[in-house]
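Listing of coords18.pdb; format and content: PDB, C-alpha atoms.
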ATOM      1  CA  MET A  24       1.053  21.288  87.808  1.00  0.00           C
ATOM      2  CA  VAL A  25       1.029  21.510  83.995  1.00  0.00           C
ATOM      3  CA  VAL A  26      -2.342  21.811  82.299  1.00  0.00           C
ATOM      4  CA  ARG A  27      -2.472  20.840  78.635  1.00  0.00           C
ATOM      5  CA  VAL A  28      -4.547  23.163  76.467  1.00  0.00           C
ATOM      6  CA  ASP A  29      -5.852  22.227  73.061  1.00  0.00           C
ATOM      7  CA  PHE A  30      -4.497  24.769  70.537  1.00  0.00           C
ATOM      8  CA  ASP A  31      -7.733  24.821  68.517  1.00  0.00           C
ATOM      9  CA  LEU A  32      -9.760  25.514  71.628  1.00  0.00           C
ATOM     10  CA  PHE A  33      -7.313  28.234  72.680  1.00  0.00           C
ATOM     11  CA  MET A  34      -7.514  29.945  69.281  1.00  0.00           C
ATOM     12  CA  GLU A  35     -11.293  29.634  69.213  1.00  0.00           C
ATOM     13  CA  ARG A  36     -11.496  31.320  72.593  1.00  0.00           C
ATOM     14  CA  TYR A  37      -8.695  33.888  72.392  1.00  0.00           C
ATOM     15  CA  GLY A  38      -7.693  34.095  68.706  1.00  0.00           C
ATOM     16  CA  TYR A  39     -10.013  36.934  67.765  1.00  0.00           C
ATOM     17  CA  LYS A  40      -9.000  38.895  70.839  1.00  0.00           C
ATOM     18  CA  ILE A  41      -5.331  38.515  69.928  1.00  0.00           C
ATOM     19  CA  LEU A  42      -5.981  39.531  66.316  1.00  0.00           C
ATOM     20  CA  PHE A  43      -8.058  42.492  67.480  1.00  0.00           C
ATOM     21  CA  GLY A  44      -5.237  43.573  69.786  1.00  0.00           C
ATOM     22  CA  LEU A  45      -2.631  43.321  67.019  1.00  0.00           C
ATOM     23  CA  PHE A  46      -4.841  45.222  64.580  1.00  0.00           C
ATOM     24  CA  GLY A  47      -5.424  47.933  67.175  1.00  0.00           C
ATOM     25  CA  LEU A  48      -1.695  48.172  67.829  1.00  0.00           C
ATOM     26  CA  VAL A  49      -0.986  48.632  64.107  1.00  0.00           C
ATOM     27  CA  LEU A  50      -3.672  51.324  63.780  1.00  0.00           C
ATOM     28  CA  LEU A  51      -2.437  53.062  66.907  1.00  0.00           C
ATOM     29  CA  THR A  52       1.089  53.096  65.489  1.00  0.00           C
ATOM     30  CA  ILE A  53      -0.050  54.522  62.150  1.00  0.00           C
ATOM     31  CA  PHE A  54      -2.144  57.271  63.699  1.00  0.00           C
ATOM     32  CA  GLY A  55       0.535  57.942  66.309  1.00  0.00           C
ATOM     33  CA  VAL A  56       3.177  58.546  63.638  1.00  0.00           C
ATOM     34  CA  LEU A  57       0.803  60.811  61.701  1.00  0.00           C
ATOM     35  CA  GLY A  58      -0.062  62.722  64.865  1.00  0.00           C
ATOM     36  CA  LEU A  59       3.599  63.082  65.769  1.00  0.00           C
ATOM     37  CA  TYR A  60       4.318  64.394  62.267  1.00  0.00           C
ATOM     38  CA  ALA A  61       1.498  66.952  62.520  1.00  0.00           C
ATOM     39  CA  TYR A  62       2.707  68.025  65.975  1.00  0.00           C
ATOM     40  CA  ALA A  63       6.289  68.446  64.712  1.00  0.00           C
ATOM     41  CA  VAL A  64       5.177  70.506  61.692  1.00  0.00           C
ATOM     42  CA  LEU A  65       2.931  72.737  63.799  1.00  0.00           C
ATOM     43  CA  ARG A  66       5.660  73.220  66.393  1.00  0.00           C
ATOM     44  CA  LEU A  67       8.334  73.948  63.767  1.00  0.00           C
ATOM     45  CA  PHE A  68       6.375  76.357  61.552  1.00  0.00           C
ATOM     46  CA  GLY A  69       3.789  77.749  63.949  1.00  0.00           C
ATOM     47  CA  LEU A  70       0.030  77.379  63.908  1.00  0.00           C
ATOM     48  CA  PHE A  71      -0.800  79.335  60.749  1.00  0.00           C
ATOM     49  CA  ALA A  72       2.059  78.276  58.449  1.00  0.00           C
ATOM     50  CA  GLY A  73       2.139  74.724  59.802  1.00  0.00           C
ATOM     51  CA  GLY A  74      -1.622  74.322  59.460  1.00  0.00           C
ATOM     52  CA  LEU A  75      -1.483  75.680  55.937  1.00  0.00           C
ATOM     53  CA  LEU A  76       1.331  73.274  55.092  1.00  0.00           C
ATOM     54  CA  LEU A  77      -0.617  70.318  56.508  1.00  0.00           C
ATOM     55  CA  ILE A  78      -3.757  71.300  54.579  1.00  0.00           C
ATOM     56  CA  LEU A  79      -1.759  71.627  51.361  1.00  0.00           C
ATOM     57  CA  ALA A  80      -0.152  68.211  51.988  1.00  0.00           C
ATOM     58  CA  LEU A  81      -3.584  66.630  52.493  1.00  0.00           C
ATOM     59  CA  VAL A  82      -5.018  68.259  49.356  1.00  0.00           C
ATOM     60  CA  TYR A  83      -2.009  67.095  47.330  1.00  0.00           C
ATOM     61  CA  ALA A  84      -2.250  63.559  48.719  1.00  0.00           C
ATOM     62  CA  PHE A  85      -5.920  63.220  47.786  1.00  0.00           C
ATOM     63  CA  THR A  86      -5.685  64.847  44.324  1.00  0.00           C
ATOM     64  CA  ALA A  87      -2.352  64.775  42.477  1.00  0.00           C
ATOM     65  CA  GLY A  88      -0.837  62.019  44.614  1.00  0.00           C
ATOM     66  CA  ARG A  89      -3.765  59.746  43.919  1.00  0.00           C
ATOM     67  CA  ARG A  90      -3.496  60.268  40.159  1.00  0.00           C
ATOM     68  CA  VAL A  91       0.194  59.380  40.270  1.00  0.00           C
ATOM     69  CA  LEU A  92      -0.508  56.216  42.251  1.00  0.00           C
ATOM     70  CA  ASP A  93      -3.323  55.217  39.866  1.00  0.00           C
ATOM     71  CA  ALA A  94      -1.008  55.673  36.874  1.00  0.00           C
ATOM     72  CA  GLN A  95       1.667  53.560  38.562  1.00  0.00           C
ATOM     73  CA  ALA A  96      -0.894  50.855  39.331  1.00  0.00           C
ATOM     74  CA  GLU A  97      -2.032  50.732  35.703  1.00  0.00           C
ATOM     75  CA  ALA A  98       1.578  50.509  34.488  1.00  0.00           C
ATOM     76  CA  HIS A  99       2.347  47.682  36.891  1.00  0.00           C
ATOM     77  CA  ALA A 100      -0.888  45.898  35.998  1.00  0.00           C
ATOM     78  CA  LYS A 101       0.155  45.871  32.361  1.00  0.00           C
ATOM     79  CA  TYR A 102       3.323  43.919  33.167  1.00  0.00           C
ATOM     80  CA  PHE A 103       2.357  41.769  36.141  1.00  0.00           C
ATOM     81  CA  TYR A 104      -1.179  40.619  35.341  1.00  0.00           C
ATOM     82  CA  ASP A 105      -2.105  38.397  32.429  1.00  0.00           C
ATOM     83  CA  ASP A 106      -5.627  39.256  31.330  1.00  0.00           C
ATOM     84  CA  ARG A 107      -5.703  36.899  28.334  1.00  0.00           C
ATOM     85  CA  PRO A 108      -8.614  34.466  28.395  1.00  0.00           C
ATOM     86  CA  ARG A 109      -7.708  30.991  29.596  1.00  0.00           C
ATOM     87  CA  ARG A 110      -7.990  28.017  27.267  1.00  0.00           C
TER      88      ARG A 110
END
Represent the supplied structure as structure tokens.
Amino acid sequence: MVVRVDFDLFMERYGYKILFGLFGLVLLTIFGVLGLYAYAVLRLFGLFAGGLLLILALVYAFTAGRRVLDAQAEAHAKYFYDDRPRR
């Protein structure tokens, strides 16, 4: 027996659960890759040197790396966004 389901009703009932599951899968993938990277660095260089390398990478990412990305964003904004007032 085939039961017809209204798509709007289906999305109202299950849409948020599906979106939540997809979002969780994406976050799990991101954190899984980062965790795998940290595990590989710690295993390759040892606890002290690997931990020091990871700490230095984090400090660089949140200081110098951020300044570089902000400068790139400003340069792109100059060419891709038109901030002239509209007529």
Who sits within 12 Å of A:Tyr60, only C-alpha atoms, same chain under 6 positions skipped, as an mmCIF file with C-alpha atoms, in the coordinates of the input:
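Writing the result to out-v7.cif gives the following:
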data_model
loop_
_atom_site.group_PDB
_atom_site.id
_atom_site.type_symbol
_atom_site.label_atom_id
_atom_site.label_comp_id
_atom_site.auth_asym_id
_atom_site.auth_seq_id
_atom_site.Cartn_x
_atom_site.Cartn_y
_atom_site.Cartn_z
ATOM 1 C CA ILE A 53 -0.050 54.522 62.150
ATOM 2 C CA PHE A 54 -2.144 57.271 63.699
ATOM 3 C CA ARG A 66 5.660 73.220 66.393
ATOM 4 C CA LEU A 67 8.334 73.948 63.767
ATOM 5 C CA GLY A 73 2.139 74.724 59.802
ATOM 6 C CA GLY A 74 -1.622 74.322 59.460
ATOM 7 C CA LEU A 76 1.331 73.274 55.092
ATOM 8 C CA LEU A 77 -0.617 70.318 56.508
ATOM 9 C CA ALA A 80 -0.152 68.211 51.988
#
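For the pair atom CA of A:Leu75 and atom CA of A:Gly58, the separation is 15.8 Å.
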Report the distance between atom CA of A:Phe85 and atom CA of A:Phe43 in Å, rounded to one decimal place.
28.7 Å
How big is the axis-aligned box around the listed atoms of stretch 43-51 of chain A once 4 Å is added on each side, and where is its centre? Give both in Å to one decimal, as JSON.
{"center_x": -4.5, "center_y": 47.8, "center_z": 66.8, "size_x": 15.1, "size_y": 18.6, "size_z": 14.0}
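Relative to atom CA of A:Leu48, atom CA of A:Thr86 is found at 29.1 Å.
Of the residues listed (A:Gly69, A:Arg27, A:Tyr102, A:Leu57), A:Leu57 shows the shortest atom-to-atom separation from A:Leu81; distances use all atoms listed in the file.
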Output requested as a tab-separated table (two decimals), in the frame of the given file - stretch 30-65 of chain A, filled out with N, CA and C atoms.
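Here's the written file selection.tsv:
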chain	number	residue	atom	x	y	z
A	30	PHE	N	-4.80	23.54	71.27
A	30	PHE	CA	-4.50	24.77	70.54
A	30	PHE	C	-5.73	25.28	69.81
A	31	ASP	N	-6.52	24.39	69.23
A	31	ASP	CA	-7.73	24.82	68.52
A	31	ASP	C	-8.72	25.49	69.47
A	32	LEU	N	-8.86	24.92	70.64
A	32	LEU	CA	-9.76	25.51	71.63
A	32	LEU	C	-9.24	26.87	72.09
A	33	PHE	N	-7.92	26.97	72.28
A	33	PHE	CA	-7.31	28.23	72.68
A	33	PHE	C	-7.55	29.31	71.62
A	34	MET	N	-7.33	28.97	70.35
A	34	MET	CA	-7.51	29.94	69.28
A	34	MET	C	-8.99	30.30	69.11
A	35	GLU	N	-9.87	29.34	69.31
A	35	GLU	CA	-11.29	29.63	69.21
A	35	GLU	C	-11.71	30.61	70.30
A	36	ARG	N	-11.11	30.47	71.47
A	36	ARG	CA	-11.50	31.32	72.59
A	36	ARG	C	-10.79	32.67	72.58
A	37	TYR	N	-9.48	32.67	72.26
A	37	TYR	CA	-8.70	33.89	72.39
A	37	TYR	C	-8.15	34.43	71.07
A	38	GLY	N	-8.30	33.69	69.98
A	38	GLY	CA	-7.69	34.10	68.71
A	38	GLY	C	-8.17	35.44	68.21
A	39	TYR	N	-9.47	35.66	68.24
A	39	TYR	CA	-10.01	36.93	67.76
A	39	TYR	C	-9.58	38.10	68.65
A	40	LYS	N	-9.45	37.84	69.93
A	40	LYS	CA	-9.00	38.90	70.84
A	40	LYS	C	-7.54	39.26	70.55
A	41	ILE	N	-6.73	38.25	70.26
A	41	ILE	CA	-5.33	38.52	69.93
A	41	ILE	C	-5.23	39.28	68.62
A	42	LEU	N	-5.99	38.83	67.60
A	42	LEU	CA	-5.98	39.53	66.32
A	42	LEU	C	-6.49	40.96	66.45
A	43	PHE	N	-7.53	41.15	67.24
A	43	PHE	CA	-8.06	42.49	67.48
A	43	PHE	C	-7.01	43.38	68.15
A	44	GLY	N	-6.29	42.81	69.11
A	44	GLY	CA	-5.24	43.57	69.79
A	44	GLY	C	-4.10	43.95	68.84
A	45	LEU	N	-3.69	43.02	67.99
A	45	LEU	CA	-2.63	43.32	67.02
A	45	LEU	C	-3.07	44.37	66.01
A	46	PHE	N	-4.30	44.25	65.53
A	46	PHE	CA	-4.84	45.22	64.58
A	46	PHE	C	-4.93	46.61	65.22
A	47	GLY	N	-5.36	46.66	66.46
A	47	GLY	CA	-5.42	47.93	67.18
A	47	GLY	C	-4.05	48.53	67.38
A	48	LEU	N	-3.06	47.69	67.66
A	48	LEU	CA	-1.70	48.17	67.83
A	48	LEU	C	-1.15	48.76	66.53
A	49	VAL	N	-1.43	48.11	65.41
A	49	VAL	CA	-0.99	48.63	64.11
A	49	VAL	C	-1.65	49.97	63.81
A	50	LEU	N	-2.96	50.06	64.02
A	50	LEU	CA	-3.67	51.32	63.78
A	50	LEU	C	-3.18	52.43	64.71
A	51	LEU	N	-2.94	52.08	65.95
A	51	LEU	CA	-2.44	53.06	66.91
A	51	LEU	C	-1.07	53.58	66.49
A	52	THR	N	-0.23	52.69	65.97
A	52	THR	CA	1.09	53.10	65.49
A	52	THR	C	0.99	54.03	64.30
A	53	ILE	N	0.12	53.68	63.34
A	53	ILE	CA	-0.05	54.52	62.15
A	53	ILE	C	-0.55	55.91	62.53
A	54	PHE	N	-1.60	55.98	63.32
A	54	PHE	CA	-2.14	57.27	63.70
A	54	PHE	C	-1.20	58.03	64.64
A	55	GLY	N	-0.44	57.29	65.44
A	55	GLY	CA	0.54	57.94	66.31
A	55	GLY	C	1.64	58.61	65.52
A	56	VAL	N	2.13	57.95	64.48
A	56	VAL	CA	3.18	58.55	63.64
A	56	VAL	C	2.63	59.77	62.90
A	57	LEU	N	1.40	59.66	62.38
A	57	LEU	CA	0.80	60.81	61.70
A	57	LEU	C	0.58	61.98	62.66
A	58	GLY	N	0.13	61.68	63.86
A	58	GLY	CA	-0.06	62.72	64.86
A	58	GLY	C	1.25	63.37	65.28
A	59	LEU	N	2.29	62.55	65.42
A	59	LEU	CA	3.60	63.08	65.77
A	59	LEU	C	4.14	63.97	64.66
A	60	TYR	N	3.91	63.58	63.41
A	60	TYR	CA	4.32	64.39	62.27
A	60	TYR	C	3.58	65.74	62.28
A	61	ALA	N	2.27	65.71	62.49
A	61	ALA	CA	1.50	66.95	62.52
A	61	ALA	C	1.96	67.85	63.68
A	62	TYR	N	2.22	67.25	64.83
A	62	TYR	CA	2.71	68.03	65.97
A	62	TYR	C	4.06	68.67	65.67
A	63	ALA	N	4.96	67.91	65.03
A	63	ALA	CA	6.29	68.45	64.71
A	63	ALA	C	6.20	69.59	63.70
A	64	VAL	N	5.32	69.44	62.69
A	64	VAL	CA	5.18	70.51	61.69
A	64	VAL	C	4.58	71.76	62.33
A	65	LEU	N	3.55	71.58	63.15
A	65	LEU	CA	2.93	72.74	63.80
A	65	LEU	C	3.90	73.41	64.77
